[in-house]
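Data from input_18.tsv: TSV, C-alpha atoms and all ligand atoms
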```tsv
chain	number	residue	atom	x	y	z
A	1	MET	CA	70.94	108.49	35.22
A	2	LEU	CA	72.69	105.42	33.93
A	3	ASP	CA	71.11	103.65	31.00
A	4	LEU	CA	70.18	100.07	31.70
A	5	PHE	CA	71.12	97.46	29.14
A	6	PRO	CA	69.17	94.31	29.83
A	7	ASP	CA	71.01	92.49	27.07
A	8	PRO	CA	74.78	93.07	26.96
A	9	ALA	CA	74.82	91.67	23.44
A	10	HIS	CA	72.96	94.78	22.31
A	11	SER	CA	75.07	97.30	24.18
A	12	ASP	CA	77.17	99.74	22.19
A	13	GLN	CA	79.52	100.18	25.13
A	14	ARG	CA	83.13	99.35	24.34
A	15	LYS	CA	85.36	100.46	27.19
A	16	LEU	CA	84.64	100.34	30.91
A	17	VAL	CA	86.77	101.76	33.70
A	18	ILE	CA	86.08	101.04	37.37
A	19	GLU	CA	88.08	103.38	39.60
A	20	ASN	CA	88.52	103.95	43.33
A	21	ILE	CA	88.10	100.29	44.26
A	22	GLY	CA	88.66	99.95	48.00
A	23	LEU	CA	89.02	96.15	48.09
A	24	LEU	CA	89.42	93.85	45.11
A	25	LEU	CA	88.57	90.16	45.56
A	26	SER	CA	90.04	87.96	42.84
A	27	GLY	CA	87.97	84.76	43.18
A	28	ARG	CA	91.21	82.77	43.38
A	29	LEU	CA	92.09	80.99	46.61
A	30	GLU	CA	95.79	81.31	45.82
A	31	GLU	CA	95.55	85.10	46.02
A	32	PRO	CA	92.05	86.13	47.13
A	33	ILE	CA	92.83	89.84	47.55
A	34	LEU	CA	94.51	91.83	44.78
A	35	ASP	CA	96.56	94.97	45.34
A	36	ALA	CA	94.72	97.18	42.84
A	37	ASP	CA	92.16	99.97	42.72
A	38	THR	CA	91.29	100.02	39.02
A	39	ILE	CA	89.81	97.61	36.47
A	40	VAL	CA	89.64	98.27	32.74
A	41	ALA	CA	87.54	96.17	30.38
A	42	VAL	CA	87.18	96.42	26.62
A	43	ASP	CA	84.32	94.71	24.80
A	44	GLY	CA	83.38	92.94	28.02
A	45	VAL	CA	86.82	91.44	28.67
A	46	ILE	CA	89.18	92.59	31.43
A	47	THR	CA	92.27	94.18	29.91
A	48	GLY	CA	93.84	95.91	32.89
A	49	ILE	CA	93.99	95.57	36.68
A	50	GLY	CA	96.22	97.69	38.88
A	51	ARG	CA	96.77	101.12	40.28
A	52	ALA	CA	95.06	103.89	38.32
A	53	SER	CA	98.38	105.34	37.19
A	54	ASP	CA	99.37	101.96	35.72
A	55	CYS	CA	96.16	101.39	33.73
A	56	ASP	CA	95.10	102.73	30.35
A	57	THR	CA	91.92	104.54	31.35
A	58	ASP	CA	91.64	106.80	28.30
A	59	ASP	CA	88.61	106.84	26.02
A	60	ALA	CA	86.25	105.04	28.35
A	61	ASP	CA	82.56	104.90	27.44
A	62	ILE	CA	81.49	104.28	31.02
A	63	ILE	CA	83.37	105.24	34.17
A	64	VAL	CA	82.23	103.63	37.39
A	65	ASP	CA	83.43	105.16	40.64
A	66	ALA	CA	83.45	102.38	43.23
A	67	CYS	CA	83.80	105.06	45.93
A	68	GLY	CA	86.13	102.88	47.99
A	69	THR	CA	83.84	99.84	48.05
A	70	THR	CA	84.54	96.20	47.17
A	71	VAL	CA	84.61	94.55	43.75
A	72	CYS	CA	84.45	90.79	43.35
A	73	PRO	CA	83.64	88.38	40.52
A	74	GLY	CA	79.96	87.77	39.82
A	75	LEU	CA	78.73	84.70	41.68
A	76	ILE	CA	78.35	81.39	39.85
A	77	ASP	CA	75.44	79.28	41.05
A	78	GLY	CA	76.71	75.80	40.24
A	79	HIS	CA	73.42	74.00	40.81
A	80	THR	CA	70.14	75.21	39.33
A	81	HIS	CA	67.17	73.62	37.60
A	82	PRO	CA	65.98	75.89	34.79
A	83	THR	CA	63.33	74.96	32.29
A	84	PHE	CA	63.25	77.55	29.54
A	85	GLY	CA	63.64	81.28	30.10
A	86	GLU	CA	62.57	82.79	33.40
A	87	TYR	CA	59.59	80.58	34.19
A	88	SER	CA	59.81	77.76	36.73
A	89	PRO	CA	56.83	75.40	36.82
A	90	ARG	CA	58.23	73.78	39.96
A	91	THR	CA	57.52	76.83	42.08
A	92	ASP	CA	55.26	78.66	39.63
A	93	ASN	CA	57.80	81.47	39.65
A	94	HIS	CA	58.11	83.89	36.75
A	95	SER	CA	61.22	85.90	37.54
A	96	TRP	CA	63.50	83.75	39.66
A	97	ILE	CA	66.61	84.37	37.55
A	98	PHE	CA	66.05	88.13	37.68
A	99	ASN	CA	65.78	87.95	41.45
A	100	CYS	CA	68.94	85.85	41.72
A	101	LEU	CA	70.77	88.44	39.58
A	102	HIS	CA	69.79	90.89	42.30
A	103	GLY	CA	71.47	88.47	44.73
A	104	GLY	CA	74.75	88.71	42.84
A	105	THR	CA	74.47	85.64	40.59
A	106	THR	CA	75.77	86.36	37.10
A	107	THR	CA	76.18	82.77	35.90
A	108	MET	CA	74.03	79.70	36.56
A	109	ILE	CA	74.79	76.09	35.74
A	110	SER	CA	71.97	73.62	35.13
A	111	ALA	CA	72.08	70.37	37.05
A	112	GLY	CA	69.30	69.05	34.84
A	113	GLU	CA	66.11	70.46	33.35
A	114	VAL	CA	64.18	68.19	35.68
A	115	HIS	CA	61.12	70.35	36.21
A	116	ILE	CA	59.81	70.30	32.65
A	117	ALA	CA	56.37	68.76	32.66
A	118	GLY	CA	56.32	65.41	30.87
A	119	ARG	CA	60.12	65.35	30.71
A	120	PRO	CA	61.03	62.76	28.05
A	121	SER	CA	63.06	59.72	29.07
A	122	ASP	CA	63.54	57.99	25.70
A	123	ARG	CA	66.83	58.33	23.81
A	124	ILE	CA	65.61	60.81	21.21
A	125	GLY	CA	63.64	62.84	23.72
A	126	VAL	CA	66.53	63.09	26.19
A	127	LYS	CA	68.86	64.35	23.51
A	128	ALA	CA	66.28	66.69	22.01
A	129	LEU	CA	65.45	68.29	25.36
A	130	ALA	CA	69.10	68.79	26.29
A	131	ILE	CA	69.99	70.33	22.96
A	132	ALA	CA	66.87	72.52	22.94
A	133	ALA	CA	67.70	73.83	26.44
A	134	GLN	CA	71.31	74.47	25.48
A	135	ARG	CA	70.26	76.30	22.32
A	136	SER	CA	67.56	78.32	24.06
A	137	PHE	CA	69.79	79.65	26.83
A	138	SER	CA	72.71	80.23	24.47
A	139	ALA	CA	70.52	82.41	22.29
A	140	MET	CA	68.82	84.34	25.08
A	141	ARG	CA	70.14	85.23	28.53
A	142	PRO	CA	67.23	85.55	30.94
A	143	ALA	CA	67.62	88.82	32.89
A	144	GLY	CA	71.11	89.00	31.37
A	145	VAL	CA	72.36	86.03	33.39
A	146	LYS	CA	74.63	83.50	31.68
A	147	MET	CA	72.89	80.12	31.93
A	148	ILE	CA	74.90	77.01	31.09
A	149	ALA	CA	72.03	74.64	30.39
A	150	GLY	CA	71.26	71.43	28.55
A	151	ALA	CA	72.10	68.83	31.19
A	152	PRO	CA	70.54	65.47	30.22
A	153	LEU	CA	69.65	62.94	32.89
A	154	LEU	CA	70.91	59.40	32.59
A	155	GLU	CA	68.07	57.30	31.23
A	156	GLU	CA	67.99	53.60	30.41
A	157	GLY	CA	68.77	52.91	26.76
A	158	LEU	CA	71.26	55.74	26.14
A	159	LEU	CA	74.18	54.53	24.02
A	160	GLU	CA	77.78	55.68	23.80
A	161	GLU	CA	77.06	57.32	20.46
A	162	ASP	CA	74.36	59.46	22.12
A	163	PHE	CA	76.95	61.08	24.39
A	164	GLN	CA	79.17	61.77	21.41
A	165	GLU	CA	76.24	63.28	19.54
A	166	MET	CA	75.27	65.50	22.49
A	167	ALA	CA	78.86	66.63	23.05
A	168	GLU	CA	79.16	67.57	19.40
A	169	ALA	CA	75.93	69.56	19.78
A	170	GLY	CA	77.40	71.60	22.64
A	171	ILE	CA	76.24	69.69	25.72
A	172	GLU	CA	78.85	70.08	28.47
A	173	LEU	CA	77.29	68.59	31.57
A	174	ILE	CA	75.24	65.56	32.61
A	175	GLY	CA	72.36	66.32	34.98
A	176	GLU	CA	72.19	64.84	38.45
A	177	VAL	CA	73.03	61.13	38.30
A	178	GLY	CA	70.42	59.37	40.42
A	179	ILE	CA	67.38	61.27	39.18
A	180	GLY	CA	66.95	59.59	35.79
A	181	SER	CA	65.84	56.01	35.27
A	182	VAL	CA	69.35	54.53	35.44
A	183	ALA	CA	69.29	52.86	38.83
A	184	ASP	CA	72.28	50.51	38.87
A	185	VAL	CA	75.79	51.65	39.59
A	186	GLU	CA	77.36	49.74	36.69
A	187	THR	CA	75.23	51.48	34.07
A	188	ALA	CA	75.66	54.88	35.70
A	189	SER	CA	79.44	54.43	35.90
A	190	ARG	CA	79.59	53.38	32.26
A	191	MET	CA	77.54	56.37	31.08
A	192	VAL	CA	79.54	58.84	33.20
A	193	ALA	CA	82.71	57.44	31.65
A	194	TRP	CA	81.20	57.84	28.15
A	195	ALA	CA	80.31	61.42	29.02
A	196	ARG	CA	83.82	62.14	30.30
A	197	ALA	CA	85.42	60.56	27.24
A	198	ASN	CA	83.43	63.09	25.19
A	199	GLY	CA	84.49	66.05	27.31
A	200	MET	CA	81.30	66.28	29.35
A	201	ARG	CA	81.21	66.72	33.13
A	202	SER	CA	78.84	65.04	35.58
A	203	LEU	CA	77.46	65.42	39.08
A	204	THR	CA	75.45	63.20	41.37
A	205	HIS	CA	72.29	63.58	43.36
A	206	THR	CA	73.79	62.98	46.80
A	207	GLY	CA	71.72	62.22	49.89
A	208	GLY	CA	68.10	61.26	50.32
A	209	PRO	CA	65.49	61.56	47.57
A	210	SER	CA	64.41	65.16	46.93
A	211	ILE	CA	61.23	64.46	45.04
A	212	PRO	CA	59.47	61.23	44.10
A	213	GLY	CA	61.61	59.69	41.39
A	214	SER	CA	65.05	60.51	42.74
A	215	ARG	CA	66.79	57.76	44.63
A	216	LEU	CA	69.24	57.26	47.45
A	217	MET	CA	72.71	56.11	46.47
A	218	ALA	CA	75.29	55.05	49.02
A	219	ALA	CA	78.54	56.96	49.34
A	220	GLU	CA	80.48	53.96	48.02
A	221	GLU	CA	78.25	53.92	44.92
A	222	ILE	CA	78.93	57.60	44.26
A	223	ILE	CA	82.68	57.02	44.56
A	224	GLU	CA	82.35	54.16	42.08
A	225	ILE	CA	80.38	56.36	39.65
A	226	ASP	CA	83.18	58.94	39.97
A	227	PRO	CA	81.35	62.15	39.02
A	228	ASP	CA	83.25	65.40	38.50
A	229	VAL	CA	81.16	67.00	41.23
A	230	ILE	CA	79.72	65.37	44.34
A	231	GLY	CA	76.43	67.22	43.89
A	232	HIS	CA	74.88	68.73	47.02
A	233	ILE	CA	76.95	66.77	49.53
A	234	ASN	CA	74.72	68.37	52.18
A	235	GLY	CA	71.64	66.69	50.72
A	236	GLY	CA	68.90	67.67	48.45
A	237	HIS	CA	67.29	68.14	50.98
A	238	THR	CA	68.06	65.17	53.23
A	239	ALA	CA	71.72	64.70	54.01
A	240	PHE	CA	73.84	61.59	54.44
A	241	ALA	CA	75.13	60.55	57.83
A	242	HIS	CA	78.36	62.35	58.66
A	243	SER	CA	80.25	59.07	58.31
A	244	GLU	CA	79.09	58.84	54.67
A	245	ILE	CA	80.04	62.48	54.04
A	246	ARG	CA	83.49	61.72	55.42
A	247	CYS	CA	83.70	58.64	53.19
A	248	LEU	CA	82.91	60.81	50.13
A	249	CYS	CA	85.31	63.62	51.01
A	250	GLU	CA	88.18	61.28	51.81
A	251	GLY	CA	87.39	58.61	49.24
A	252	CYS	CA	87.74	60.72	46.13
A	253	SER	CA	89.34	63.96	45.02
A	254	ARG	CA	86.38	65.40	43.11
A	255	ALA	CA	84.65	68.72	43.74
A	256	ILE	CA	82.49	68.93	46.85
A	257	GLU	CA	79.30	70.89	46.22
A	258	ILE	CA	77.35	72.58	49.00
A	259	VAL	CA	73.88	73.95	48.23
A	260	HIS	CA	71.61	76.46	49.89
A	261	ASN	CA	68.53	74.21	49.69
A	262	GLY	CA	70.21	71.48	51.69
A	263	ASN	CA	71.19	70.62	55.26
A	264	SER	CA	73.26	73.41	56.84
A	265	PHE	CA	74.73	71.18	59.55
A	266	ALA	CA	75.98	68.73	56.91
A	267	ALA	CA	77.31	71.64	54.85
A	268	LEU	CA	79.44	72.82	57.75
A	269	TYR	CA	80.63	69.27	58.42
A	270	ALA	CA	81.77	68.81	54.80
A	271	LEU	CA	83.48	72.20	54.84
A	272	ARG	CA	85.26	71.32	58.07
A	273	LEU	CA	86.58	68.10	56.52
A	274	ALA	CA	87.82	69.96	53.44
A	275	THR	CA	89.49	72.53	55.68
A	276	GLU	CA	91.19	69.81	57.74
A	277	MET	CA	92.36	68.09	54.56
A	278	GLY	CA	93.73	71.37	53.20
A	279	GLN	CA	91.47	70.99	50.14
A	280	LEU	CA	89.32	74.11	50.08
A	281	GLU	CA	89.83	74.29	46.32
A	282	ARG	CA	87.30	71.40	46.08
A	283	ILE	CA	84.44	73.39	47.61
A	284	VAL	CA	81.87	74.77	45.14
A	285	LEU	CA	78.51	76.37	45.91
A	286	GLY	CA	75.05	76.30	44.39
A	287	THR	CA	71.48	76.91	45.43
A	288	ASP	CA	69.58	73.92	43.94
A	289	GLY	CA	66.87	76.42	43.12
A	290	PRO	CA	64.20	76.72	42.08
A	291	SER	CA	62.90	73.75	43.99
A	292	GLY	CA	60.20	72.85	46.42
A	293	ALA	CA	62.27	74.86	48.90
A	294	GLY	CA	61.57	77.88	46.77
A	295	VAL	CA	63.82	80.31	44.96
A	296	PRO	CA	66.68	81.48	47.15
A	297	ALA	CA	67.19	84.84	45.46
A	298	LEU	CA	69.93	85.65	47.97
A	299	GLY	CA	70.94	82.01	48.36
A	300	MET	CA	74.52	82.38	47.20
A	301	LEU	CA	75.19	85.34	49.48
A	302	ARG	CA	73.43	83.66	52.38
A	303	MET	CA	75.67	80.61	52.00
A	304	ILE	CA	78.79	82.73	51.82
A	305	ALA	CA	77.81	84.52	55.03
A	306	MET	CA	76.74	81.29	56.72
A	307	LEU	CA	79.95	79.42	55.87
A	308	ALA	CA	82.27	82.35	56.67
A	309	SER	CA	80.66	82.96	60.05
A	310	PHE	CA	80.00	79.45	61.36
A	311	ALA	CA	83.15	77.88	59.89
A	312	GLU	CA	85.22	80.92	60.92
A	313	LEU	CA	86.91	81.12	57.52
A	314	PRO	CA	88.19	84.39	56.03
A	315	ALA	CA	85.34	85.80	53.92
A	316	GLU	CA	87.67	86.46	50.98
A	317	GLN	CA	88.30	82.70	50.81
A	318	VAL	CA	84.60	81.82	50.98
A	319	PHE	CA	83.83	84.15	48.05
A	320	CYS	CA	86.23	81.95	46.04
A	321	PHE	CA	83.97	78.92	46.64
A	322	ALA	CA	81.20	80.76	44.75
A	323	THR	CA	83.38	82.12	41.98
A	324	GLY	CA	86.83	80.87	40.98
A	325	ASN	CA	86.47	77.35	42.37
A	326	THR	CA	83.27	76.73	40.42
A	327	ALA	CA	84.74	78.30	37.30
A	328	ARG	CA	87.75	75.98	37.46
A	329	VAL	CA	85.66	72.84	38.02
A	330	HIS	CA	83.27	73.77	35.20
A	331	GLN	CA	85.98	75.16	32.92
A	332	LEU	CA	84.37	78.60	32.64
A	333	PRO	CA	86.35	81.76	31.84
A	334	GLN	CA	84.37	83.94	34.28
A	335	GLY	CA	84.57	83.74	38.08
A	336	VAL	CA	88.00	85.29	38.53
A	337	ILE	CA	89.21	88.84	38.10
A	338	ALA	CA	92.19	88.57	35.78
A	339	PRO	CA	93.20	89.77	32.34
A	340	ASP	CA	91.38	88.15	29.41
A	341	ARG	CA	88.46	87.09	31.63
A	342	PRO	CA	84.87	88.32	31.18
A	343	ALA	CA	84.11	91.42	33.26
A	344	ASP	CA	81.30	89.80	35.27
A	345	LEU	CA	81.54	91.83	38.46
A	346	LEU	CA	79.78	92.78	41.68
A	347	ILE	CA	80.35	96.06	43.42
A	348	MET	CA	79.29	95.78	47.04
A	349	ASP	CA	79.74	97.26	50.45
A	350	ARG	CA	78.95	96.37	54.03
A	351	ALA	CA	75.23	96.63	54.64
A	352	GLN	CA	73.82	99.60	56.48
A	353	GLY	CA	73.58	98.82	60.17
A	354	THR	CA	76.00	95.88	60.27
A	355	ALA	CA	78.25	95.52	63.28
A	356	GLY	CA	81.13	94.71	60.92
A	357	ARG	CA	83.54	97.57	60.39
A	358	THR	CA	84.51	96.33	56.91
A	359	LEU	CA	82.73	94.32	54.24
A	360	LEU	CA	84.77	91.20	55.03
A	361	GLU	CA	84.19	91.54	58.76
A	362	SER	CA	80.44	92.00	58.23
A	363	VAL	CA	80.28	88.76	56.21
A	364	GLU	CA	82.35	86.95	58.84
A	365	LEU	CA	79.75	88.10	61.37
A	366	GLY	CA	77.08	86.44	59.21
A	367	ASP	CA	75.63	89.57	57.59
A	368	LEU	CA	74.88	89.81	53.88
A	369	PRO	CA	76.68	92.49	51.88
A	370	GLY	CA	74.73	95.19	50.09
A	371	ILE	CA	75.18	95.00	46.31
A	372	GLY	CA	75.55	98.39	44.69
A	373	MET	CA	76.01	97.30	41.08
A	374	VAL	CA	76.14	94.14	38.97
A	375	LEU	CA	77.98	94.08	35.66
A	376	ILE	CA	77.96	91.28	33.09
A	377	ASP	CA	80.46	91.42	30.25
A	378	GLY	CA	81.39	94.86	31.52
A	379	VAL	CA	77.87	96.24	31.15
A	380	PRO	CA	76.11	97.58	34.27
A	381	LEU	CA	72.83	95.67	34.53
A	382	LEU	CA	71.46	96.99	37.78
A	383	ARG	CA	72.16	99.62	40.36
A	384	PRO	CA	71.59	98.95	43.18
A	385	SER	CA	70.25	95.48	44.03
A	386	ARG	CA	66.61	95.52	45.06
A	387	ASN	CA	67.02	92.33	47.10
A	388	THR	CA	70.11	92.74	49.28
A	389	PRO	CA	70.11	95.02	52.30
A	390	PRO	CA	71.15	98.53	51.27
A	391	ALA	CA	74.88	99.10	50.95
A	392	THR	CA	76.52	101.71	53.16
A	393	VAL	CA	78.20	103.31	50.13
A	394	LEU	CA	76.92	103.02	46.56
A	395	PRO	CA	79.08	103.28	43.44
A	396	THR	CA	78.30	105.87	40.82
A	397	ALA	CA	78.46	105.53	37.06
A	398	ARG	CA	78.67	108.04	34.28
A	399	ARG	CA	78.54	107.66	30.58
A	400	VAL	CA	81.21	109.55	28.69
A	401	LEU	CA	79.77	111.09	25.55
A	402	ALA	CA	82.10	111.04	22.56
B	1	ZN	ZN	69.34	69.59	42.18
```
Translate this file's structure into structure tokens.
Amino acid sequence: MLDLFPDPAHSDQRKLVIENIGLLLSGRLEEPILDADTIVAVDGVITGIGRASDCDTDDADIIVDACGTTVCPGLIDGHTHPTFGEYSPRTDNHSWIFNCLHGGTTTMISAGEVHIAGRPSDRIGVKALAIAAQRSFSAMRPAGVKMIAGAPLLEEGLLEEDFQEMAEAGIELIGEVGIGSVADVETASRMVAWARANGMRSLTHTGGPSIPGSRLMAAEEIIEIDPDVIGHINGGHTAFAHSEIRCLCEGCSRAIEIVHNGNSFAALYALRLATEMGQLERIVLGTDGPSGAGVPALGMLRMIAMLASFAELPAEQVFCFATGNTARVHQLPQGVIAPDRPADLLIMDRAQGTAGRTLLESVELGDLPGIGMVLIDGVPLLRPSRNTPPATVLPTARRVLA
């Protein structure tokens, strides 16, 4: 029986070998499938990828036999709303991050800690909340998931020096522009530019209001604000008219985010535009959970299956939207399987009973894969997923005693 290490930071495991990989997905659109059957990771970082005979597999602490199944990068949910730890007051949910880990999500990115009761909107309070969230999630990974949090909303009264101060404190991302009190495009544009000048990224609340307090911005306003990510282009929950979505996709070159808790028809329209423009590298995925729509524990996988099947795109490309694309936009080291990258990995197989003959075909038919194992920083955290349908073939793992 494999030991479970809920906190990779406290694992004594040094070297991991994954052997007998049947299909290796890289997370990179340029080369989504790698010709390799073995991954080696030391201290949580990938050191070798290739054929078994070409890799240094000696002295492993843990050997995982993928048994011919598929390995891909852990999924990055680019749009979440954490508070602190695992609790979400918005949906009164106590273990939503744990359940998303069981849906293959190994990294989450906060789009704003908007659900905290009595969320401060004054200068000091905005900065304090952002820094507290960043510190909290940096010090403790809920369920083992990497949470990039501390995403302040734009509030009236913030000064340029506040963005500098937050950046110096480790804040990397501005929460959804359009939810805070800043309501005019000029102020929002100015603050987004201040954030960018200090190395911080930004995204917008795109589409109709999600909850009382968020507002509707026109597509032209969003282009003028020039965020790094057009947040939930398929609405949160209510989507723009298709003409406005086209205006956004064609009017700027920024990342196009599609979320689970949005409008599926609009999602497919935006994806079709990006496909026609030859710009699939702009597509990034998120759930926008937890929200009033609930916690989509399998939201990332459901979107991958939905987009691959309805948009008739190769599944190996769609997995890149949820991994390498998001990592590139958010400047994260994880999300691709390559040397010197964190070994955040999923081992999965076609679900039992699917009509698909292979994992990729099953996803292209709209079925979810079965996750057999999730590893973060090279440490197996769960085996198998309790939330996906059961995999046809499960990997095995054994600890090698010194
Ligand atoms: Zn959101």
Point to revise | Shell of 8 Å around ligand ZN 1 (chain B) (all atoms listed in the file), written as number ranges by chain | key: A: 79-81, 111-112, 176, 205, 231-232, 236, 288-289, 291
Exercise for review: Name the residues in contact with Pro342 of chain A at a cut-off of 12 Å, using all atoms listed in the file, excluding same-chain residues fewer than 5 positions from it; report them as a list in words.
Suggested key: Pro8, Ile39, Val40, Ala41, Val42, Asp43, Gly44, Val45, Ile46, Thr47, Gly48, Pro73, Gly74, Thr106, Thr107, Lys146, Ala327, Leu332, Pro333, Gln334, Gly335, Val336, Ile337, Leu375, Ile376, Asp377, Gly378 and Val379 of chain A
Study note, to complete from the structure: Among A:Ile63, A:Gly78, A:Leu368, A:Leu34, Leu16 of chain A is approached most closely, using all atoms listed in the file, by A:Ile63
Check your understanding: With all atoms listed in the file as the atoms that count, which of A:Ala60, A:Glu86, A:Ala322, A:Met348 lies nearest to Arg14 of chain A?
Key -> A:Ala60
Review point. If you measure from atom CA of Ser26 of chain A to atom CA of Arg341 of chain A, what distance in Å do you get, rounded to one decimal?
Key: 11.4 Å
Point to revise | Surrounding residues of segment 155-172 of chain A excluding itself and chain neighbours under 2 positions, 7 Å, only C-alpha atoms, as a PyMOL selection string | key: chain A and resi 121+123+127+131+134+150-151+153+180-182+194-195+198+200-201
Exercise for review: Find, counting only C-alpha atoms, the residue in A:Ser88, A:Thr70, A:Thr204, A:Thr238 that gets nearest to Leu346 of chain A.
Suggested key: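 Nearest to Leu346 of chain A: A:Thr70.
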Exercise for review: Go through A:Leu382, A:Pro296, A:Gly178, A:Ile124 and flag the residue nearest Ala143 of chain A, using all atoms listed in the file for the distances.
Suggested key: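 Counting all atoms listed in the file, the residue closest to Ala143 of chain A is A:Leu382.
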Check your understanding: Using only C-alpha atoms, which of A:Arg190, A:His242, A:His102, A:His237 sits nearest Glu224 of chain A?
Key ->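 Using only C-alpha atoms, Glu224 of chain A sits closest to A:Arg190.
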Point to revise | Val71 of chain A surroundings by all atoms listed in the file, 10 Å radius, close-in-sequence under 6 positions cut, as a list of chain:residue names | key: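 Those residues are A:Ile18, A:Ile21, A:Gly22, A:Leu23, A:Leu24, A:Leu25, A:Ser26, A:Asp37, A:Thr38, A:Ile39, A:Ile337, A:Leu345, A:Leu346, A:Ile347, A:Met348, A:Asp349, A:Ile371, A:Gly372, A:Met373, A:Val374.
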Taking the point (75.5, 71.8, 50.1) as given in the file, collect each protein or nucleic acid residue that comes within 10 Å of it, counting all atoms listed in the file, and present the set as an mmCIF file with C-alpha atoms, in the frame of the given file.
```
data_model
loop_
_atom_site.group_PDB
_atom_site.id
_atom_site.type_symbol
_atom_site.label_atom_id
_atom_site.label_comp_id
_atom_site.auth_asym_id
_atom_site.auth_seq_id
_atom_site.Cartn_x
_atom_site.Cartn_y
_atom_site.Cartn_z
ATOM 1 C CA HIS A 79 73.420 74.000 40.810
ATOM 2 C CA THR A 206 73.790 62.980 46.800
ATOM 3 C CA ILE A 230 79.720 65.370 44.340
ATOM 4 C CA GLY A 231 76.430 67.220 43.890
ATOM 5 C CA HIS A 232 74.880 68.730 47.020
ATOM 6 C CA ILE A 233 76.950 66.770 49.530
ATOM 7 C CA ASN A 234 74.720 68.370 52.180
ATOM 8 C CA GLY A 235 71.640 66.690 50.720
ATOM 9 C CA GLY A 236 68.900 67.670 48.450
ATOM 10 C CA HIS A 237 67.290 68.140 50.980
ATOM 11 C CA ALA A 239 71.720 64.700 54.010
ATOM 12 C CA ILE A 256 82.490 68.930 46.850
ATOM 13 C CA GLU A 257 79.300 70.890 46.220
ATOM 14 C CA ILE A 258 77.350 72.580 49.000
ATOM 15 C CA VAL A 259 73.880 73.950 48.230
ATOM 16 C CA HIS A 260 71.610 76.460 49.890
ATOM 17 C CA ASN A 261 68.530 74.210 49.690
ATOM 18 C CA GLY A 262 70.210 71.480 51.690
ATOM 19 C CA ASN A 263 71.190 70.620 55.260
ATOM 20 C CA SER A 264 73.260 73.410 56.840
ATOM 21 C CA PHE A 265 74.730 71.180 59.550
ATOM 22 C CA ALA A 266 75.980 68.730 56.910
ATOM 23 C CA ALA A 267 77.310 71.640 54.850
ATOM 24 C CA LEU A 268 79.440 72.820 57.750
ATOM 25 C CA ALA A 270 81.770 68.810 54.800
ATOM 26 C CA LEU A 271 83.480 72.200 54.840
ATOM 27 C CA ILE A 283 84.440 73.390 47.610
ATOM 28 C CA VAL A 284 81.870 74.770 45.140
ATOM 29 C CA LEU A 285 78.510 76.370 45.910
ATOM 30 C CA GLY A 286 75.050 76.300 44.390
ATOM 31 C CA THR A 287 71.480 76.910 45.430
ATOM 32 C CA ASP A 288 69.580 73.920 43.940
ATOM 33 C CA MET A 303 75.670 80.610 52.000
#
```
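Straight-line separation from atom CA of Gly199 of chain A to atom CA of Ile109 of chain A: 16.3 Å.
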